[in-house]
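Below is start_19.cif, holding mmCIF, C-alpha atoms.
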```cif
data_target
#
loop_
_atom_site.group_PDB
_atom_site.id
_atom_site.type_symbol
_atom_site.label_atom_id
_atom_site.label_comp_id
_atom_site.auth_asym_id
_atom_site.auth_seq_id
_atom_site.Cartn_x
_atom_site.Cartn_y
_atom_site.Cartn_z
ATOM 1 C CA MET A 1 5.680 -31.483 82.507
ATOM 2 C CA ASP A 2 2.099 -30.356 82.094
ATOM 3 C CA ILE A 3 -0.023 -32.767 84.120
ATOM 4 C CA SER A 4 -3.009 -31.936 81.921
ATOM 5 C CA MET A 5 -1.158 -33.765 79.124
ATOM 6 C CA PRO A 6 -3.024 -36.938 78.215
ATOM 7 C CA TYR A 7 -1.437 -40.324 78.684
ATOM 8 C CA ASN A 8 -0.714 -41.988 75.390
ATOM 9 C CA GLY A 9 0.381 -45.475 74.457
ATOM 10 C CA THR A 10 2.464 -44.487 71.408
ATOM 11 C CA LEU A 11 5.526 -45.698 73.287
ATOM 12 C CA THR A 12 4.654 -49.237 72.153
ATOM 13 C CA ALA A 13 5.810 -48.243 68.659
ATOM 14 C CA GLU A 14 8.257 -45.451 69.448
ATOM 15 C CA GLN A 15 10.391 -47.094 72.146
ATOM 16 C CA PHE A 16 13.878 -45.820 73.097
ATOM 17 C CA LEU A 17 15.003 -44.907 69.548
ATOM 18 C CA PHE A 18 18.575 -44.021 70.462
ATOM 19 C CA TYR A 19 20.107 -44.396 66.992
ATOM 20 C CA GLU A 20 17.201 -42.537 65.407
ATOM 21 C CA MET A 21 17.512 -39.690 67.928
ATOM 22 C CA ARG A 22 21.222 -39.344 67.091
ATOM 23 C CA VAL A 23 20.424 -39.018 63.392
ATOM 24 C CA VAL A 24 17.476 -36.625 63.760
ATOM 25 C CA SER A 25 19.228 -34.415 66.333
ATOM 26 C CA LYS A 26 22.108 -33.752 63.930
ATOM 27 C CA GLN A 27 19.595 -32.543 61.322
ATOM 28 C CA TYR A 28 17.637 -30.596 63.953
ATOM 29 C CA LEU A 29 20.791 -28.711 64.968
ATOM 30 C CA GLU A 30 21.074 -27.523 61.365
ATOM 31 C CA GLN A 31 17.638 -25.948 61.921
ATOM 32 C CA LYS A 32 16.017 -28.021 59.202
ATOM 33 C CA PRO A 33 12.212 -28.232 59.357
ATOM 34 C CA ILE A 34 10.747 -31.661 60.058
ATOM 35 C CA GLU A 35 9.577 -32.169 56.449
ATOM 36 C CA GLU A 36 13.131 -31.620 55.202
ATOM 37 C CA ILE A 37 14.482 -34.049 57.820
ATOM 38 C CA ILE A 38 11.957 -36.686 56.728
ATOM 39 C CA ALA A 39 12.910 -36.208 53.056
ATOM 40 C CA PHE A 40 16.598 -36.617 53.976
ATOM 41 C CA LEU A 41 15.892 -39.813 55.947
ATOM 42 C CA LYS A 42 13.783 -41.319 53.169
ATOM 43 C CA ARG A 43 16.281 -40.443 50.441
ATOM 44 C CA ASP A 44 19.193 -42.260 52.103
ATOM 45 C CA ASN A 45 17.043 -44.869 53.915
ATOM 46 C CA LEU A 46 19.008 -44.043 57.066
ATOM 47 C CA PHE A 47 16.666 -45.818 59.465
ATOM 48 C CA GLN A 48 16.584 -49.012 57.390
ATOM 49 C CA TYR A 49 12.859 -49.339 58.072
ATOM 50 C CA PRO A 50 10.639 -51.459 55.832
ATOM 51 C CA THR A 51 8.098 -48.703 55.068
ATOM 52 C CA GLU A 52 8.209 -44.957 54.468
ATOM 53 C CA ARG A 53 5.224 -44.569 56.761
ATOM 54 C CA MET A 54 7.278 -45.945 59.631
ATOM 55 C CA VAL A 55 10.175 -43.592 58.812
ATOM 56 C CA ILE A 56 7.800 -40.614 58.894
ATOM 57 C CA ARG A 57 6.208 -41.666 62.186
ATOM 58 C CA ILE A 58 9.482 -42.282 64.003
ATOM 59 C CA ALA A 59 11.139 -39.142 62.609
ATOM 60 C CA ARG A 60 8.215 -37.078 63.909
ATOM 61 C CA ALA A 61 8.420 -38.777 67.325
ATOM 62 C CA CYS A 62 12.162 -38.023 67.566
ATOM 63 C CA HIS A 63 11.574 -34.434 66.494
ATOM 64 C CA LYS A 64 8.879 -33.964 69.147
ATOM 65 C CA ARG A 65 11.232 -35.301 71.833
ATOM 66 C CA LEU A 66 13.941 -32.855 70.767
ATOM 67 C CA VAL A 67 11.474 -29.955 70.840
ATOM 68 C CA ALA A 68 10.293 -31.118 74.282
ATOM 69 C CA LEU A 69 13.884 -30.956 75.588
ATOM 70 C CA ASP A 70 13.638 -27.190 75.070
ATOM 71 C CA ASN A 71 17.404 -26.944 75.477
ATOM 72 C CA GLU A 72 19.812 -26.534 72.565
ATOM 73 C CA LYS A 73 22.803 -27.759 74.589
ATOM 74 C CA LEU A 74 21.035 -31.011 75.437
ATOM 75 C CA VAL A 75 20.075 -31.535 71.789
ATOM 76 C CA TYR A 76 23.746 -31.031 70.879
ATOM 77 C CA GLU A 77 24.731 -33.699 73.445
ATOM 78 C CA VAL A 78 22.182 -36.175 72.070
ATOM 79 C CA ALA A 79 23.831 -35.753 68.662
ATOM 80 C CA ASN A 80 27.471 -35.717 69.729
ATOM 81 C CA ALA A 81 28.132 -36.927 73.278
ATOM 82 C CA PRO A 82 29.432 -40.400 74.178
ATOM 83 C CA PHE A 83 26.678 -43.030 74.237
ATOM 84 C CA GLU A 84 26.334 -43.137 78.026
ATOM 85 C CA VAL A 85 25.700 -39.375 78.220
ATOM 86 C CA ALA A 86 23.452 -39.201 75.155
ATOM 87 C CA LYS A 87 21.339 -42.147 76.327
ATOM 88 C CA GLN A 88 20.622 -40.485 79.678
ATOM 89 C CA ILE A 89 19.581 -37.325 77.847
ATOM 90 C CA ASN A 90 17.399 -39.351 75.472
ATOM 91 C CA LEU A 91 15.591 -40.829 78.473
ATOM 92 C CA TYR A 92 15.090 -37.314 79.844
ATOM 93 C CA ALA A 93 13.709 -36.234 76.442
ATOM 94 C CA MET A 94 11.220 -39.115 76.688
ATOM 95 C CA MET A 95 10.234 -37.890 80.161
ATOM 96 C CA ARG A 96 9.662 -34.371 78.808
ATOM 97 C CA TYR A 97 7.553 -35.644 75.923
ATOM 98 C CA ASN A 98 5.615 -38.550 77.425
ATOM 99 C CA ARG A 99 3.698 -38.272 80.686
ATOM 100 C CA LEU A 100 3.747 -42.030 81.239
ATOM 101 C CA VAL A 101 7.566 -42.154 81.086
ATOM 102 C CA ARG A 102 7.799 -39.117 83.364
ATOM 103 C CA GLU A 103 5.574 -40.560 86.063
ATOM 104 C CA PHE A 104 7.235 -43.962 85.897
ATOM 105 C CA MET A 105 10.743 -42.526 86.162
ATOM 106 C CA GLU A 106 9.914 -40.095 88.958
ATOM 107 C CA GLY A 107 7.288 -42.114 90.821
ATOM 108 C CA ILE A 108 8.918 -45.546 90.707
ATOM 109 C CA VAL A 109 12.627 -45.238 89.881
ATOM 110 C CA GLY A 110 13.152 -41.826 91.491
ATOM 111 C CA GLU A 111 11.349 -42.884 94.666
ATOM 112 C CA LYS A 112 13.412 -46.061 94.877
ATOM 113 C CA TYR A 113 16.591 -44.000 94.621
ATOM 114 C CA ARG A 114 15.294 -41.513 97.185
ATOM 115 C CA GLN A 115 14.665 -44.324 99.682
ATOM 116 C CA GLN A 116 17.884 -46.160 98.770
ATOM 117 C CA ASP A 117 15.746 -49.176 97.920
ATOM 118 C CA PHE A 118 17.425 -50.741 94.900
ATOM 119 C CA SER A 119 15.015 -53.641 94.469
ATOM 120 C CA TYR A 120 13.002 -53.654 91.240
ATOM 121 C CA THR A 121 10.470 -56.395 90.552
ATOM 122 C CA LYS A 122 7.511 -57.012 88.277
ATOM 123 C CA LYS A 123 5.352 -56.063 91.226
ATOM 124 C CA ASP A 124 6.678 -52.469 91.120
ATOM 125 C CA ILE A 125 5.700 -51.915 87.503
ATOM 126 C CA ASN A 126 2.417 -53.854 87.904
ATOM 127 C CA VAL A 127 1.402 -51.631 90.833
ATOM 128 C CA PHE A 128 2.327 -48.529 88.814
ATOM 129 C CA PHE A 129 -0.006 -49.523 85.967
ATOM 130 C CA SER A 130 -2.783 -50.712 88.299
ATOM 131 C CA ARG A 131 -2.797 -47.319 90.025
ATOM 132 C CA LEU A 132 -2.852 -45.500 86.691
ATOM 133 C CA GLN A 133 -5.753 -47.624 85.466
ATOM 134 C CA GLU A 134 -7.711 -46.823 88.632
ATOM 135 C CA GLN A 135 -7.002 -43.081 88.333
ATOM 136 C CA ASN A 136 -7.336 -42.496 84.596
ATOM 137 C CA ASP A 137 -10.101 -43.587 82.222
ATOM 138 C CA ASP A 138 -7.883 -43.431 79.123
ATOM 139 C CA VAL A 139 -5.344 -45.799 80.672
ATOM 140 C CA ALA A 140 -8.162 -48.021 81.948
ATOM 141 C CA ASP A 141 -9.275 -48.467 78.324
ATOM 142 C CA TRP A 142 -5.879 -49.724 77.129
ATOM 143 C CA SER A 143 -5.802 -53.386 76.190
ATOM 144 C CA GLU A 144 -3.832 -55.905 78.223
ATOM 145 C CA GLN A 145 -1.545 -56.300 75.203
ATOM 146 C CA THR A 146 -0.758 -52.573 75.187
ATOM 147 C CA ILE A 147 0.030 -52.614 78.911
ATOM 148 C CA ILE A 148 2.347 -55.613 78.480
ATOM 149 C CA LYS A 149 4.199 -53.839 75.643
ATOM 150 C CA LEU A 150 4.509 -50.625 77.649
ATOM 151 C CA LYS A 151 5.958 -52.502 80.622
ATOM 152 C CA ARG A 152 8.489 -54.056 78.276
ATOM 153 C CA VAL A 153 9.460 -50.702 76.740
ATOM 154 C CA LEU A 154 9.837 -48.958 80.122
ATOM 155 C CA THR A 155 12.022 -51.779 81.425
ATOM 156 C CA ARG A 156 14.083 -51.688 78.223
ATOM 157 C CA CYS A 157 14.661 -47.941 78.788
ATOM 158 C CA LEU A 158 16.181 -48.792 82.173
ATOM 159 C CA VAL A 159 18.501 -51.327 80.533
ATOM 160 C CA GLU A 160 19.530 -48.851 77.791
ATOM 161 C CA THR A 161 20.571 -46.309 80.435
ATOM 162 C CA GLU A 162 22.269 -48.958 82.629
ATOM 163 C CA ILE A 163 19.817 -48.450 85.484
ATOM 164 C CA LEU A 164 19.204 -52.195 85.077
ATOM 165 C CA ASP A 165 21.776 -54.695 83.804
ATOM 166 C CA SER A 166 19.168 -56.742 81.928
ATOM 167 C CA VAL A 167 15.399 -57.004 81.485
ATOM 168 C CA LYS A 168 15.354 -59.814 84.041
ATOM 169 C CA ASP A 169 17.476 -57.986 86.612
ATOM 170 C CA THR A 170 15.819 -57.171 89.936
ATOM 171 C CA THR A 171 18.317 -54.621 91.281
ATOM 172 C CA LEU A 172 18.583 -50.988 90.219
ATOM 173 C CA ASN A 173 22.125 -49.747 89.704
ATOM 174 C CA PRO A 174 22.924 -46.603 91.715
ATOM 175 C CA ILE A 175 23.812 -44.613 88.586
ATOM 176 C CA PHE A 176 25.509 -41.223 88.436
ATOM 177 C CA ILE A 177 23.812 -38.490 86.456
ATOM 178 C CA CYS A 178 26.066 -37.127 83.706
ATOM 179 C CA ALA A 179 27.132 -33.517 84.259
ATOM 180 C CA GLU A 180 25.640 -32.367 80.944
ATOM 181 C CA LEU A 181 22.202 -33.713 81.809
ATOM 182 C CA GLU A 182 22.241 -32.326 85.346
ATOM 183 C CA ALA A 183 23.164 -28.872 84.001
ATOM 184 C CA GLY A 184 20.396 -29.072 81.382
ATOM 185 C CA ILE A 185 17.744 -30.147 83.889
ATOM 186 C CA ARG A 186 18.731 -27.274 86.173
ATOM 187 C CA GLU A 187 18.696 -24.806 83.261
ATOM 188 C CA ASN A 188 15.180 -26.035 82.446
ATOM 189 C CA ASN A 189 14.240 -25.552 86.125
ATOM 190 C CA ASP A 190 12.869 -29.104 85.952
ATOM 191 C CA LEU A 191 14.285 -30.222 89.286
ATOM 192 C CA THR A 192 11.814 -33.031 90.021
ATOM 193 C CA ALA A 193 13.397 -34.951 87.105
ATOM 194 C CA LEU A 194 16.737 -35.215 88.948
ATOM 195 C CA ALA A 195 15.491 -37.999 91.243
ATOM 196 C CA ALA A 196 15.018 -40.306 88.226
ATOM 197 C CA PHE A 197 18.789 -40.140 87.712
ATOM 198 C CA ASN A 198 19.673 -40.694 91.389
ATOM 199 C CA CYS A 199 20.540 -37.031 91.932
ATOM 200 C CA PHE A 200 19.494 -35.386 95.210
ATOM 201 C CA ARG A 201 22.058 -32.631 95.640
#
```

Take the structure from the file and write it as structure tokens.
Amino acid sequence: MDISMPYNGTLTAEQFLFYEMRVVSKQYLEQKPIEEIIAFLKRDNLFQYPTERMVIRIARACHKRLVALDNEKLVYEVANAPFEVAKQINLYAMMRYNRLVREFMEGIVGEKYRQQDFSYTKKDINVFFSRLQEQNDDVADWSEQTIIKLKRVLTRCLVETEILDSVKDTTLNPIFICAELEAGIRENNDLTALAAFNCFR
């Protein structure tokens, strides 16, 4: 992850997108360019979105995540693996593509796992955003509404990957990283990401 990457709040619209990632990754594996993927999605209305503009935006977001994975085997797993495996890899793709997700997963969740502290409260995520706002002018300019939405999306990502049982849960589950994701992270030489999935070997 390039720390010169700007923070962006697009996550408020993009979210976890698991179903969409499954669909786009299958097309991506066929080496179709993004414009062809978008045309395919629009033709069959596969996302069931109300507007074509939304289809285009989300398809591009999914495509960027897959490119950010930089690992053909992991893209294959997103498309074909059981949900539990593919969802972990989707979260990793989000970490590769979005600096905010990366820092949250490594700095909050990964640190909790490292210290064997499984508590997770609103205070943890509030402190994370407060620190970011103090350190970064772009984040400081985000509206309160944007911050609230981002907190919601990040927490939802934890639920999707079974790190939390529900959005109201206050205990992190000590998850096991799936073998496919661990191998991919190591192939990418992206070892700091392992902590986010409770992996310290």

Shortest contact to A:Leu11, candidates A:Cys199, A:Leu181, A:Leu172, A:Val101, atoms counted all atoms listed in the file, goes to A:Val101

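Among the candidate residues A:Ser143, A:Thr161, A:Thr10, A:Thr171, the one lying nearest to A:Lys87 is A:Thr161, with distances computed using only C-alpha atoms.
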
ask   = Between A:Val67, A:Ala93, A:Ala193, A:Asp124, which has the minimum distance to A:Lys112 (counting all atoms listed in the file)?
value =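 Nearest candidate to A:Lys112 out of A:Val67, A:Ala93, A:Ala193, A:Asp124: A:Asp124.
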
- Residue IDs satisfying the PyMOL selection byres ((chain A and resi 113-123) around 8), as a list in words: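 With the PyMOL selection byres ((chain A and resi 113-123) around 8) on this model, the match is Val109, Gly110, Glu111, Lys112, Asp124, Ile125, Asn126, Val127, Asp169, Thr170, Thr171, Leu172, Asn173, Pro174, Ala195, Ala196, Asn198 and Phe200 of chain A.
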
Nearest residue to A:Val159 from the set A:Glu84, A:Glu20, A:Glu103, A:Glu144 (distances using all atoms listed in the file):
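The answer is A:Glu84, which sits nearest to A:Val159.
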
Surrounding residues of stretch 148-155 of chain A excluding itself and chain neighbours under 3 positions, 6 Å, only C-alpha atoms, as a list of chain:residue names: A:Thr12, A:Gln15, A:Gln145, A:Leu158

Print the selection's residues with C-alpha atoms to a file, as a short mmCIF file (atom, residue, chain, number, x, y, z; two decimals), in the frame of the given file.
```
data_model
loop_
_atom_site.label_atom_id
_atom_site.label_comp_id
_atom_site.auth_asym_id
_atom_site.auth_seq_id
_atom_site.Cartn_x
_atom_site.Cartn_y
_atom_site.Cartn_z
CA THR A 12 4.65 -49.24 72.15
CA GLN A 15 10.39 -47.09 72.15
CA GLN A 145 -1.54 -56.30 75.20
CA LEU A 158 16.18 -48.79 82.17
#
```

Exercise for the section: Taking the file above as input, evaluate the PyMOL selection byres ((chain A and resi 77) around 10) and report the hits as number ranges by chain. Expected result: A: 22, 25-26, 72-76, 78-83, 85-87, 89-90, 180-181

Residues just named, written with C-alpha atoms as a CSV table (one decimal), in the frame of the given file:
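Generated file (again-v1.csv):
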```csv
chain,number,residue,atom,x,y,z
A,22,ARG,CA,21.2,-39.3,67.1
A,25,SER,CA,19.2,-34.4,66.3
A,26,LYS,CA,22.1,-33.8,63.9
A,72,GLU,CA,19.8,-26.5,72.6
A,73,LYS,CA,22.8,-27.8,74.6
A,74,LEU,CA,21.0,-31.0,75.4
A,75,VAL,CA,20.1,-31.5,71.8
A,76,TYR,CA,23.7,-31.0,70.9
A,78,VAL,CA,22.2,-36.2,72.1
A,79,ALA,CA,23.8,-35.8,68.7
A,80,ASN,CA,27.5,-35.7,69.7
A,81,ALA,CA,28.1,-36.9,73.3
A,82,PRO,CA,29.4,-40.4,74.2
A,83,PHE,CA,26.7,-43.0,74.2
A,85,VAL,CA,25.7,-39.4,78.2
A,86,ALA,CA,23.5,-39.2,75.2
A,87,LYS,CA,21.3,-42.1,76.3
A,89,ILE,CA,19.6,-37.3,77.8
A,90,ASN,CA,17.4,-39.4,75.5
A,180,GLU,CA,25.6,-32.4,80.9
A,181,LEU,CA,22.2,-33.7,81.8
```

Around stretch 37-49 of chain A, fit a box with edges along x, y and z, padding it by 8 Å on each side, then list its centre and edge lengths in Å to one decimal as AutoDock Vina command-line options.
```
--center_x 15.6 --center_y -41.7 --center_z 55.0 --size_x 23.2 --size_y 31.3 --size_z 25.0
```

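Going from atom CA of A:Ala140 over to atom CA of A:Asp190, you cover 28.6 Å.
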
What would stretch 30-54 of chain A look like with N, CA and C atoms in place, written as a PDB file, in the coordinates of the input?
```pdb
ATOM      1  N   GLU A  30      20.883 -28.340  62.579  1.00  0.00           N
ATOM      2  CA  GLU A  30      21.074 -27.523  61.365  1.00  0.00           C
ATOM      3  C   GLU A  30      19.822 -26.695  61.056  1.00  0.00           C
ATOM      4  N   GLN A  31      18.883 -26.730  61.997  1.00  0.00           N
ATOM      5  CA  GLN A  31      17.638 -25.948  61.921  1.00  0.00           C
ATOM      6  C   GLN A  31      16.792 -26.297  60.693  1.00  0.00           C
ATOM      7  N   LYS A  32      16.857 -27.568  60.315  1.00  0.00           N
ATOM      8  CA  LYS A  32      16.017 -28.021  59.202  1.00  0.00           C
ATOM      9  C   LYS A  32      14.600 -28.277  59.717  1.00  0.00           C
ATOM     10  N   PRO A  33      13.589 -27.901  58.950  1.00  0.00           N
ATOM     11  CA  PRO A  33      12.212 -28.232  59.357  1.00  0.00           C
ATOM     12  C   PRO A  33      11.991 -29.741  59.259  1.00  0.00           C
ATOM     13  N   ILE A  34      10.985 -30.215  59.969  1.00  0.00           N
ATOM     14  CA  ILE A  34      10.747 -31.661  60.058  1.00  0.00           C
ATOM     15  C   ILE A  34      10.526 -32.281  58.675  1.00  0.00           C
ATOM     16  N   GLU A  35       9.830 -31.588  57.774  1.00  0.00           N
ATOM     17  CA  GLU A  35       9.577 -32.169  56.449  1.00  0.00           C
ATOM     18  C   GLU A  35      10.888 -32.398  55.686  1.00  0.00           C
ATOM     19  N   GLU A  36      11.826 -31.480  55.858  1.00  0.00           N
ATOM     20  CA  GLU A  36      13.131 -31.620  55.202  1.00  0.00           C
ATOM     21  C   GLU A  36      13.922 -32.782  55.818  1.00  0.00           C
ATOM     22  N   ILE A  37      13.812 -32.928  57.135  1.00  0.00           N
ATOM     23  CA  ILE A  37      14.482 -34.049  57.820  1.00  0.00           C
ATOM     24  C   ILE A  37      13.920 -35.376  57.313  1.00  0.00           C
ATOM     25  N   ILE A  38      12.599 -35.453  57.207  1.00  0.00           N
ATOM     26  CA  ILE A  38      11.957 -36.686  56.728  1.00  0.00           C
ATOM     27  C   ILE A  38      12.420 -37.011  55.305  1.00  0.00           C
ATOM     28  N   ALA A  39      12.474 -35.996  54.449  1.00  0.00           N
ATOM     29  CA  ALA A  39      12.910 -36.208  53.056  1.00  0.00           C
ATOM     30  C   ALA A  39      14.345 -36.739  53.031  1.00  0.00           C
ATOM     31  N   PHE A  40      15.201 -36.182  53.873  1.00  0.00           N
ATOM     32  CA  PHE A  40      16.598 -36.617  53.976  1.00  0.00           C
ATOM     33  C   PHE A  40      16.674 -38.086  54.426  1.00  0.00           C
ATOM     34  N   LEU A  41      15.884 -38.437  55.420  1.00  0.00           N
ATOM     35  CA  LEU A  41      15.892 -39.813  55.947  1.00  0.00           C
ATOM     36  C   LEU A  41      15.396 -40.803  54.905  1.00  0.00           C
ATOM     37  N   LYS A  42      14.347 -40.419  54.185  1.00  0.00           N
ATOM     38  CA  LYS A  42      13.783 -41.319  53.169  1.00  0.00           C
ATOM     39  C   LYS A  42      14.749 -41.495  51.997  1.00  0.00           C
ATOM     40  N   ARG A  43      15.388 -40.393  51.604  1.00  0.00           N
ATOM     41  CA  ARG A  43      16.281 -40.443  50.441  1.00  0.00           C
ATOM     42  C   ARG A  43      17.422 -41.437  50.652  1.00  0.00           C
ATOM     43  N   ASP A  44      18.033 -41.395  51.840  1.00  0.00           N
ATOM     44  CA  ASP A  44      19.193 -42.260  52.103  1.00  0.00           C
ATOM     45  C   ASP A  44      18.829 -43.513  52.896  1.00  0.00           C
ATOM     46  N   ASN A  45      17.532 -43.700  53.167  1.00  0.00           N
ATOM     47  CA  ASN A  45      17.043 -44.869  53.915  1.00  0.00           C
ATOM     48  C   ASN A  45      17.855 -45.090  55.199  1.00  0.00           C
ATOM     49  N   LEU A  46      18.092 -43.992  55.921  1.00  0.00           N
ATOM     50  CA  LEU A  46      19.008 -44.043  57.066  1.00  0.00           C
ATOM     51  C   LEU A  46      18.509 -44.914  58.214  1.00  0.00           C
ATOM     52  N   PHE A  47      17.199 -45.012  58.367  1.00  0.00           N
ATOM     53  CA  PHE A  47      16.666 -45.818  59.465  1.00  0.00           C
ATOM     54  C   PHE A  47      16.590 -47.303  59.115  1.00  0.00           C
ATOM     55  N   GLN A  48      16.698 -47.619  57.838  1.00  0.00           N
ATOM     56  CA  GLN A  48      16.584 -49.012  57.390  1.00  0.00           C
ATOM     57  C   GLN A  48      15.243 -49.631  57.804  1.00  0.00           C
ATOM     58  N   TYR A  49      14.187 -48.836  57.737  1.00  0.00           N
ATOM     59  CA  TYR A  49      12.859 -49.339  58.072  1.00  0.00           C
ATOM     60  C   TYR A  49      12.193 -49.899  56.822  1.00  0.00           C
ATOM     61  N   PRO A  50      11.265 -50.837  57.000  1.00  0.00           N
ATOM     62  CA  PRO A  50      10.639 -51.459  55.832  1.00  0.00           C
ATOM     63  C   PRO A  50       9.660 -50.550  55.076  1.00  0.00           C
ATOM     64  N   THR A  51       9.078 -49.560  55.755  1.00  0.00           N
ATOM     65  CA  THR A  51       8.098 -48.703  55.068  1.00  0.00           C
ATOM     66  C   THR A  51       8.404 -47.232  55.308  1.00  0.00           C
ATOM     67  N   GLU A  52       8.030 -46.410  54.335  1.00  0.00           N
ATOM     68  CA  GLU A  52       8.209 -44.957  54.468  1.00  0.00           C
ATOM     69  C   GLU A  52       7.317 -44.407  55.570  1.00  0.00           C
ATOM     70  N   ARG A  53       6.164 -45.021  55.721  1.00  0.00           N
ATOM     71  CA  ARG A  53       5.224 -44.569  56.761  1.00  0.00           C
ATOM     72  C   ARG A  53       5.862 -44.662  58.153  1.00  0.00           C
ATOM     73  N   MET A  54       6.601 -45.743  58.349  1.00  0.00           N
ATOM     74  CA  MET A  54       7.278 -45.945  59.631  1.00  0.00           C
ATOM     75  C   MET A  54       8.390 -44.903  59.827  1.00  0.00           C
TER      76      MET A  54
END
```
